[in-house]
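What follows is the content of run04.pdb (PDB, C-alpha atoms, pLDDT in the B column).
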```
ATOM      1  CA  MET A   1      -8.442 -14.880  -6.552  1.00 48.00           C
ATOM      2  CA  ALA A   2      -8.819 -16.493  -3.132  1.00 49.00           C
ATOM      3  CA  ILE A   3     -11.743 -18.813  -2.461  1.00 64.00           C
ATOM      4  CA  GLY A   4     -14.451 -16.844  -0.700  1.00 79.00           C
ATOM      5  CA  ALA A   5     -12.886 -13.516  -1.571  1.00 85.00           C
ATOM      6  CA  THR A   6     -15.143 -10.515  -2.058  1.00 91.00           C
ATOM      7  CA  MET A   7     -14.509  -8.566  -5.237  1.00 94.00           C
ATOM      8  CA  HIS A   8     -14.331  -4.768  -5.142  1.00 96.00           C
ATOM      9  CA  THR A   9     -13.785  -2.485  -8.100  1.00 97.00           C
ATOM     10  CA  PHE A  10     -12.083   0.890  -7.974  1.00 98.00           C
ATOM     11  CA  GLU A  11     -12.175   3.367 -10.834  1.00 98.00           C
ATOM     12  CA  VAL A  12      -9.271   5.600  -9.864  1.00 98.00           C
ATOM     13  CA  GLN A  13      -8.072   8.931 -11.153  1.00 98.00           C
ATOM     14  CA  LEU A  14      -4.506   9.243  -9.892  1.00 98.00           C
ATOM     15  CA  ALA A  15      -2.629  12.549  -9.870  1.00 98.00           C
ATOM     16  CA  ASP A  16       0.644  12.141  -7.979  1.00 97.00           C
ATOM     17  CA  VAL A  17       2.217  15.556  -8.507  1.00 97.00           C
ATOM     18  CA  ASP A  18       5.183  14.635  -6.289  1.00 94.00           C
ATOM     19  CA  ARG A  19       6.230  11.848  -8.691  1.00 96.00           C
ATOM     20  CA  GLY A  20       4.732  13.186 -11.931  1.00 97.00           C
ATOM     21  CA  VAL A  21       2.347  10.226 -12.271  1.00 98.00           C
ATOM     22  CA  TYR A  22      -1.079  10.840 -13.825  1.00 98.00           C
ATOM     23  CA  GLU A  23      -3.160   7.749 -14.624  1.00 98.00           C
ATOM     24  CA  ASP A  24      -6.705   6.444 -14.841  1.00 98.00           C
ATOM     25  CA  LEU A  25      -6.806   2.999 -13.250  1.00 98.00           C
ATOM     26  CA  SER A  26      -9.450   0.273 -13.185  1.00 98.00           C
ATOM     27  CA  LEU A  27      -8.683  -2.000 -10.252  1.00 97.00           C
ATOM     28  CA  ARG A  28     -10.350  -5.281  -9.376  1.00 95.00           C
ATOM     29  CA  VAL A  29      -9.445  -5.974  -5.772  1.00 94.00           C
ATOM     30  CA  ALA A  30     -10.056  -9.364  -4.180  1.00 91.00           C
ATOM     31  CA  GLN A  31     -10.644  -8.974  -0.449  1.00 90.00           C
ATOM     32  CA  HIS A  32      -9.603 -12.155   1.335  1.00 87.00           C
ATOM     33  CA  PRO A  33     -12.050 -13.289   4.065  1.00 88.00           C
ATOM     34  CA  SER A  34      -9.404 -12.590   6.740  1.00 87.00           C
ATOM     35  CA  GLU A  35      -8.629  -9.121   5.357  1.00 91.00           C
ATOM     36  CA  THR A  36     -10.135  -6.115   7.129  1.00 95.00           C
ATOM     37  CA  ASP A  37     -11.560  -3.166   5.218  1.00 97.00           C
ATOM     38  CA  ALA A  38      -8.835  -0.974   6.759  1.00 97.00           C
ATOM     39  CA  TYR A  39      -6.134  -3.275   5.379  1.00 96.00           C
ATOM     40  CA  MET A  40      -7.789  -3.331   1.954  1.00 96.00           C
ATOM     41  CA  ILE A  41      -8.081   0.465   1.654  1.00 97.00           C
ATOM     42  CA  THR A  42      -4.458   0.813   2.842  1.00 97.00           C
ATOM     43  CA  ARG A  43      -3.481  -1.707   0.159  1.00 97.00           C
ATOM     44  CA  VAL A  44      -5.332   0.245  -2.548  1.00 98.00           C
ATOM     45  CA  LEU A  45      -3.747   3.528  -1.426  1.00 98.00           C
ATOM     46  CA  ALA A  46      -0.297   1.904  -1.368  1.00 97.00           C
ATOM     47  CA  TYR A  47      -0.882   0.657  -4.924  1.00 98.00           C
ATOM     48  CA  CYS A  48      -1.737   4.198  -6.030  1.00 98.00           C
ATOM     49  CA  LEU A  49       1.192   5.806  -4.208  1.00 97.00           C
ATOM     50  CA  GLU A  50       3.634   3.259  -5.658  1.00 97.00           C
ATOM     51  CA  TYR A  51       2.039   3.028  -9.107  1.00 98.00           C
ATOM     52  CA  GLU A  52       4.430   2.310 -11.959  1.00 97.00           C
ATOM     53  CA  GLU A  53       4.542  -0.024 -14.930  1.00 96.00           C
ATOM     54  CA  GLY A  54       4.562  -3.668 -13.808  1.00 96.00           C
ATOM     55  CA  ILE A  55       2.771  -3.142 -10.466  1.00 97.00           C
ATOM     56  CA  THR A  56       0.348  -5.839  -9.346  1.00 95.00           C
ATOM     57  CA  PHE A  57      -1.503  -7.098  -6.297  1.00 93.00           C
ATOM     58  CA  SER A  58      -0.467 -10.491  -4.973  1.00 86.00           C
ATOM     59  CA  ALA A  59      -2.834 -13.370  -5.618  1.00 72.00           C
ATOM     60  CA  GLY A  60      -5.647 -13.491  -3.081  1.00 54.00           C
ATOM     61  CA  GLY A  61      -5.075  -9.946  -1.896  1.00 55.00           C
ATOM     62  CA  VAL A  62      -2.904 -10.565   1.122  1.00 61.00           C
ATOM     63  CA  SER A  63       0.791 -11.268   1.326  1.00 55.00           C
ATOM     64  CA  THR A  64       1.944 -14.857   1.158  1.00 59.00           C
ATOM     65  CA  GLY A  65       5.218 -16.473   2.132  1.00 63.00           C
ATOM     66  CA  GLU A  66       6.508 -15.875  -1.366  1.00 78.00           C
ATOM     67  CA  GLU A  67       5.125 -12.420  -2.186  1.00 87.00           C
ATOM     68  CA  PRO A  68       4.164  -9.173  -0.484  1.00 93.00           C
ATOM     69  CA  ALA A  69       0.712  -7.591  -0.802  1.00 93.00           C
ATOM     70  CA  ILE A  70       1.949  -5.576  -3.810  1.00 96.00           C
ATOM     71  CA  LEU A  71       4.938  -6.060  -6.048  1.00 94.00           C
ATOM     72  CA  VAL A  72       6.446  -4.613  -9.163  1.00 96.00           C
ATOM     73  CA  LYS A  73       8.102  -6.808 -11.787  1.00 94.00           C
ATOM     74  CA  ASP A  74      10.061  -5.789 -14.842  1.00 94.00           C
ATOM     75  CA  LEU A  75       9.476  -7.263 -18.302  1.00 94.00           C
ATOM     76  CA  THR A  76      11.730 -10.236 -17.506  1.00 94.00           C
ATOM     77  CA  GLY A  77       9.689 -11.118 -14.403  1.00 90.00           C
ATOM     78  CA  LEU A  78      12.335  -9.895 -11.963  1.00 93.00           C
ATOM     79  CA  ILE A  79      10.884  -8.298  -8.815  1.00 93.00           C
ATOM     80  CA  THR A  80      11.952  -4.641  -8.718  1.00 96.00           C
ATOM     81  CA  ALA A  81       9.792  -3.439  -5.783  1.00 97.00           C
ATOM     82  CA  TRP A  82       8.551  -5.325  -2.722  1.00 97.00           C
ATOM     83  CA  ILE A  83       5.656  -3.437  -1.094  1.00 97.00           C
ATOM     84  CA  GLU A  84       4.286  -4.647   2.230  1.00 96.00           C
ATOM     85  CA  VAL A  85       1.009  -3.516   3.784  1.00 96.00           C
ATOM     86  CA  GLY A  86       0.005  -3.670   7.442  1.00 95.00           C
ATOM     87  CA  ALA A  87       2.427  -5.074   9.998  1.00 94.00           C
ATOM     88  CA  PRO A  88       5.016  -7.352   8.364  1.00 94.00           C
ATOM     89  CA  ASP A  89       7.574  -9.014  10.591  1.00 94.00           C
ATOM     90  CA  ALA A  90      11.298  -8.266  10.376  1.00 95.00           C
ATOM     91  CA  GLN A  91      12.060 -11.522   8.560  1.00 94.00           C
ATOM     92  CA  ARG A  92       9.638 -10.626   5.704  1.00 93.00           C
ATOM     93  CA  LEU A  93      11.187  -7.163   5.420  1.00 95.00           C
ATOM     94  CA  HIS A  94      14.665  -8.673   5.347  1.00 95.00           C
ATOM     95  CA  LEU A  95      13.635 -11.126   2.607  1.00 93.00           C
ATOM     96  CA  GLY A  96      11.837  -8.484   0.555  1.00 94.00           C
ATOM     97  CA  SER A  97      14.655  -5.979   0.781  1.00 95.00           C
ATOM     98  CA  LYS A  98      17.106  -8.623  -0.448  1.00 95.00           C
ATOM     99  CA  ARG A  99      14.872  -9.860  -3.295  1.00 94.00           C
ATOM    100  CA  ALA A 100      13.979  -6.487  -4.826  1.00 95.00           C
ATOM    101  CA  ASP A 101      15.753  -3.304  -5.852  1.00 94.00           C
ATOM    102  CA  ARG A 102      13.618  -1.396  -3.367  1.00 96.00           C
ATOM    103  CA  ALA A 103      11.151  -2.113  -0.579  1.00 97.00           C
ATOM    104  CA  ALA A 104       8.325  -0.128   0.983  1.00 97.00           C
ATOM    105  CA  ILE A 105       5.809  -0.507   3.800  1.00 98.00           C
ATOM    106  CA  TYR A 106       2.400   1.172   4.134  1.00 97.00           C
ATOM    107  CA  THR A 107       0.471   0.769   7.346  1.00 97.00           C
ATOM    108  CA  HIS A 108      -2.706   1.863   9.055  1.00 96.00           C
ATOM    109  CA  ARG A 109      -1.362   0.559  12.364  1.00 94.00           C
ATOM    110  CA  ASP A 110       0.633   2.333  15.078  1.00 95.00           C
ATOM    111  CA  PRO A 111       4.074   2.892  13.510  1.00 96.00           C
ATOM    112  CA  ALA A 112       5.784   3.163  16.929  1.00 96.00           C
ATOM    113  CA  LYS A 113       4.727  -0.410  17.751  1.00 96.00           C
ATOM    114  CA  LEU A 114       6.052  -1.674  14.423  1.00 96.00           C
ATOM    115  CA  LEU A 115       9.355   0.150  14.812  1.00 96.00           C
ATOM    116  CA  SER A 116       9.685  -1.284  18.317  1.00 96.00           C
ATOM    117  CA  ALA A 117       9.009  -4.814  17.057  1.00 95.00           C
ATOM    118  CA  TRP A 118      11.689  -4.449  14.370  1.00 96.00           C
ATOM    119  CA  ARG A 119      14.319  -2.835  16.620  1.00 95.00           C
ATOM    120  CA  GLY A 120      17.423  -4.974  16.937  1.00 94.00           C
ATOM    121  CA  LYS A 121      16.326  -7.401  14.207  1.00 95.00           C
ATOM    122  CA  THR A 122      18.284  -8.021  11.020  1.00 95.00           C
ATOM    123  CA  ILE A 123      16.625  -6.210   8.114  1.00 96.00           C
ATOM    124  CA  HIS A 124      18.621  -5.908   4.904  1.00 96.00           C
ATOM    125  CA  GLN A 125      19.244  -2.227   4.084  1.00 95.00           C
ATOM    126  CA  ALA A 126      16.575  -1.181   6.610  1.00 95.00           C
ATOM    127  CA  GLU A 127      17.513   2.484   6.298  1.00 95.00           C
ATOM    128  CA  ASP A 128      16.573   2.412   2.586  1.00 95.00           C
ATOM    129  CA  ILE A 129      13.085   0.952   3.091  1.00 96.00           C
ATOM    130  CA  ARG A 130      10.321   3.531   2.595  1.00 95.00           C
ATOM    131  CA  PHE A 131       8.016   3.253   5.612  1.00 97.00           C
ATOM    132  CA  ARG A 132       4.813   5.302   5.493  1.00 97.00           C
ATOM    133  CA  SER A 133       1.841   5.321   7.828  1.00 97.00           C
ATOM    134  CA  PHE A 134      -1.645   6.717   7.438  1.00 96.00           C
ATOM    135  CA  ASP A 135      -3.617   8.384  10.199  1.00 95.00           C
ATOM    136  CA  SER A 136      -6.081   5.808  11.585  1.00 94.00           C
ATOM    137  CA  VAL A 137      -8.963   8.337  11.564  1.00 96.00           C
ATOM    138  CA  PHE A 138      -8.386   8.946   7.828  1.00 98.00           C
ATOM    139  CA  ILE A 139      -8.438   5.194   7.148  1.00 98.00           C
ATOM    140  CA  ASP A 140     -11.571   4.711   9.301  1.00 97.00           C
ATOM    141  CA  GLU A 141     -13.370   7.491   7.391  1.00 98.00           C
ATOM    142  CA  ALA A 142     -12.342   5.953   4.056  1.00 98.00           C
ATOM    143  CA  VAL A 143     -13.612   2.537   5.210  1.00 98.00           C
ATOM    144  CA  ARG A 144     -17.037   4.038   5.925  1.00 98.00           C
ATOM    145  CA  CYS A 145     -17.213   5.181   2.277  1.00 98.00           C
ATOM    146  CA  LEU A 146     -16.382   1.775   0.742  1.00 98.00           C
ATOM    147  CA  THR A 147     -18.809  -0.099  -1.439  1.00 97.00           C
ATOM    148  CA  ARG A 148     -18.317  -3.020  -3.818  1.00 97.00           C
ATOM    149  CA  ARG A 149     -18.043  -0.557  -6.758  1.00 98.00           C
ATOM    150  CA  ASN A 150     -15.975   2.512  -5.973  1.00 98.00           C
ATOM    151  CA  THR A 151     -15.031   5.715  -7.745  1.00 98.00           C
ATOM    152  CA  MET A 152     -11.926   7.287  -6.352  1.00 98.00           C
ATOM    153  CA  SER A 153      -9.694  10.249  -7.012  1.00 98.00           C
ATOM    154  CA  VAL A 154      -6.257  10.326  -5.386  1.00 98.00           C
ATOM    155  CA  SER A 155      -4.166  13.484  -5.564  1.00 98.00           C
ATOM    156  CA  VAL A 156      -0.770  13.762  -3.923  1.00 97.00           C
ATOM    157  CA  THR A 157       1.179  16.972  -3.565  1.00 96.00           C
ATOM    158  CA  GLU A 158       3.999  17.703  -1.120  1.00 93.00           C
ATOM    159  CA  GLY A 159       3.145  14.565   0.860  1.00 89.00           C
ATOM    160  CA  GLN A 160      -0.482  15.611   1.294  1.00 95.00           C
ATOM    161  CA  ILE A 161      -3.094  13.131   0.076  1.00 97.00           C
ATOM    162  CA  TYR A 162      -6.452  14.332  -1.156  1.00 98.00           C
ATOM    163  CA  LEU A 163      -8.881  11.455  -1.523  1.00 98.00           C
ATOM    164  CA  GLU A 164     -12.354  11.585  -3.015  1.00 98.00           C
ATOM    165  CA  LEU A 165     -14.038   8.235  -2.458  1.00 98.00           C
ATOM    166  CA  ASN A 166     -17.611   7.728  -3.646  1.00 98.00           C
ATOM    167  CA  GLY A 167     -18.408  11.426  -3.266  1.00 97.00           C
ATOM    168  CA  THR A 168     -16.744  11.945   0.134  1.00 98.00           C
ATOM    169  CA  ASN A 169     -13.664  14.173   0.326  1.00 98.00           C
ATOM    170  CA  LEU A 170     -10.909  13.247   2.769  1.00 98.00           C
ATOM    171  CA  GLU A 171      -7.359  14.414   3.231  1.00 97.00           C
ATOM    172  CA  THR A 172      -4.334  13.444   5.240  1.00 96.00           C
ATOM    173  CA  GLN A 173      -0.586  13.624   5.199  1.00 93.00           C
ATOM    174  CA  PHE A 174       1.207  10.314   5.350  1.00 89.00           C
ATOM    175  CA  SER A 175       3.994  10.074   7.876  1.00 93.00           C
ATOM    176  CA  GLU A 176       7.454   8.863   6.873  1.00 95.00           C
ATOM    177  CA  HIS A 177       9.453   6.753   9.327  1.00 95.00           C
ATOM    178  CA  VAL A 178      13.024   5.495   9.444  1.00 94.00           C
ATOM    179  CA  ILE A 179      13.740   1.884  10.367  1.00 94.00           C
ATOM    180  CA  GLU A 180      16.849   1.652  12.516  1.00 84.00           C
TER     181      GLU A 180
END
```

Just dump the structure as structure tokens.
Amino acid sequence: MAIGATMHTFEVQLADVDRGVYEDLSLRVAQHPSETDAYMITRVLAYCLEYEEGITFSAGGVSTGEEPAILVKDLTGLITAWIEVGAPDAQRLHLGSKRADRAAIYTHRDPAKLLSAWRGKTIHQAEDIRFRSFDSVFIDEAVRCLTRRNTMSVSVTEGQIYLELNGTNLETQFSEHVIE
């Protein structure tokens, strides 16, 4: 945990019908002092949408030079999924795509600006990287519901996300983008 980090807990009921994943999760999320609430809720949603055995948040909550915000390791410690949150640069995407079997990006930022920033840059197997964005209004509404102790239900069906966060019901459809 990072020095000065604020701890948040999330009791999550996950029902991802699209992937056949149904889990009850207890997450302790360290929010780094430089991390916005919007970034943190995007990170928690990305964790849920990518959930599989071996998934973990990076130390301190935000990506470092060595690790993304979220990663998945197999039983041998090999990184199998590199999951970025926010607005990673092309070099990080290139590194992550080379180090892991698969890479993904989840953002609450303007995807057109990110795609523009990456255009023409070398990104290993860019066309295979899953790039999803959330509507900023959805993220802003979720941020308003955050507390230090959170109960959350995340249901995903046909790309539609139904989120119940501390008694408030929200829904959105994430957008998928192709990196060229």

Item to check | Test item: the PyMOL selection byres ((chain A and resi 10) around 8) resolved as a PyMOL selection string | outcome: chain A and resi 8-9+11-12+25-29+149-152

Enumerate, as a CSV table (one decimal) with C-alpha atoms, in the frame of the given file, the residues matched when the PyMOL selection byres ((chain A and resi 70) around 10) is run on the file above.
```
chain,number,residue,atom,x,y,z
A,43,ARG,CA,-3.5,-1.7,0.2
A,44,VAL,CA,-5.3,0.2,-2.5
A,46,ALA,CA,-0.3,1.9,-1.4
A,47,TYR,CA,-0.9,0.7,-4.9
A,50,GLU,CA,3.6,3.3,-5.7
A,55,ILE,CA,2.8,-3.1,-10.5
A,56,THR,CA,0.3,-5.8,-9.3
A,57,PHE,CA,-1.5,-7.1,-6.3
A,58,SER,CA,-0.5,-10.5,-5.0
A,59,ALA,CA,-2.8,-13.4,-5.6
A,61,GLY,CA,-5.1,-9.9,-1.9
A,62,VAL,CA,-2.9,-10.6,1.1
A,63,SER,CA,0.8,-11.3,1.3
A,67,GLU,CA,5.1,-12.4,-2.2
A,68,PRO,CA,4.2,-9.2,-0.5
A,69,ALA,CA,0.7,-7.6,-0.8
A,71,LEU,CA,4.9,-6.1,-6.0
A,72,VAL,CA,6.4,-4.6,-9.2
A,81,ALA,CA,9.8,-3.4,-5.8
A,82,TRP,CA,8.6,-5.3,-2.7
A,83,ILE,CA,5.7,-3.4,-1.1
A,84,GLU,CA,4.3,-4.6,2.2
A,85,VAL,CA,1.0,-3.5,3.8
A,104,ALA,CA,8.3,-0.1,1.0
A,105,ILE,CA,5.8,-0.5,3.8
```

Next on the checklist: For a test of reading the model, state the distance in Å between CA of Ser34 in chain A and CA of Tyr51 in chain A, rounded to one decimal.
Outcome noted: 25.0 Å

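Near (-18.6, 12.2, 0.8), the residues that fall inside 10 Å on the basis of all atoms listed in the file are Glu141, Ala142, Arg144, Cys145, Glu164, Leu165, Asn166, Gly167, Thr168, Asn169 and Leu170 of chain A.
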
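Of the residues under consideration (A:Thr147, A:Ser97, A:Ser133, A:Gln125), A:Ser133 shows the shortest atom-to-atom contact distance to Ala112 in chain A when counting all atoms listed in the file.
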
Checklist entry - What separation in Å, quoted to one decimal, exists between CA of Ile123 in chain A and CA of Leu78 in chain A? => result 20.9 Å

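What separates CA of Asp16 in chain A from CA of Arg92 in chain A is a distance of 28.0 Å.
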
Next on the checklist: If the PyMOL selection byres ((chain A and resi 136) around 9) were run on this exact file, what residues would it hold? Put them as a PyMOL selection string.
Outcome noted: chain A and resi 38+108-110+133-135+137-141

Hey, can I get the axis-aligned box for range 49-55 of chain A? All listed atoms, 3 Å padding on each side, centre and edge lengths in Å to one decimal, as JSON.
```
{"center_x": 2.9, "center_y": 1.1, "center_z": -9.6, "size_x": 9.4, "size_y": 15.5, "size_z": 16.7}
```

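Restricting the calculation to all atoms listed in the file, the smallest distance between Cys48 in chain A and any of A:His32, A:Arg19, A:Lys73, A:His124 is found for A:Arg19.
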
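If you measure from each of A:Ile179, A:Ser153, A:Val21, A:Asp101 to Thr122 in chain A using only C-alpha atoms, the closest one turns out to be A:Ile179.
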
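Proximity ranking of A:Leu49, A:Ala30, A:Val143, A:Ala103 relative to Asp128 in chain A places A:Ala103 first, based on only C-alpha atoms.
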
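Residues within 9 Å of Leu114 in chain A, counting all atoms listed in the file and excluding same-chain residues fewer than 4 positions away, are Ala87, Pro88, Asp89, Arg109, Asp110, Trp118 and Arg119 of chain A.
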
Can you write out the residues you just picked, keeping C-alpha atoms, as a short mmCIF file (atom, residue, chain, number, x, y, z; two decimals), in the coordinates of the input?
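Dumped everything to selection.cif:
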```
data_model
loop_
_atom_site.label_atom_id
_atom_site.label_comp_id
_atom_site.auth_asym_id
_atom_site.auth_seq_id
_atom_site.Cartn_x
_atom_site.Cartn_y
_atom_site.Cartn_z
CA ALA A 87 2.43 -5.07 10.00
CA PRO A 88 5.02 -7.35 8.36
CA ASP A 89 7.57 -9.01 10.59
CA ARG A 109 -1.36 0.56 12.36
CA ASP A 110 0.63 2.33 15.08
CA TRP A 118 11.69 -4.45 14.37
CA ARG A 119 14.32 -2.84 16.62
#
```

Next on the checklist: Using only C-alpha atoms, which protein or nucleic acid residues come within 10 Å of Glu127 in chain A? Drop anything in the same chain fewer than 6 positions from it, and give the result as number ranges by chain.
Outcome noted: A: 177-180

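Closest approach to Gly20 in chain A among A:Thr36, A:Thr107, A:Thr42, A:Ser155: A:Ser155, based on only C-alpha atoms.
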
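Shortest atom-to-atom contact with Gly159 in chain A among A:Leu146, A:Met7, A:Arg132, A:Tyr106: A:Arg132, counting only C-alpha atoms.
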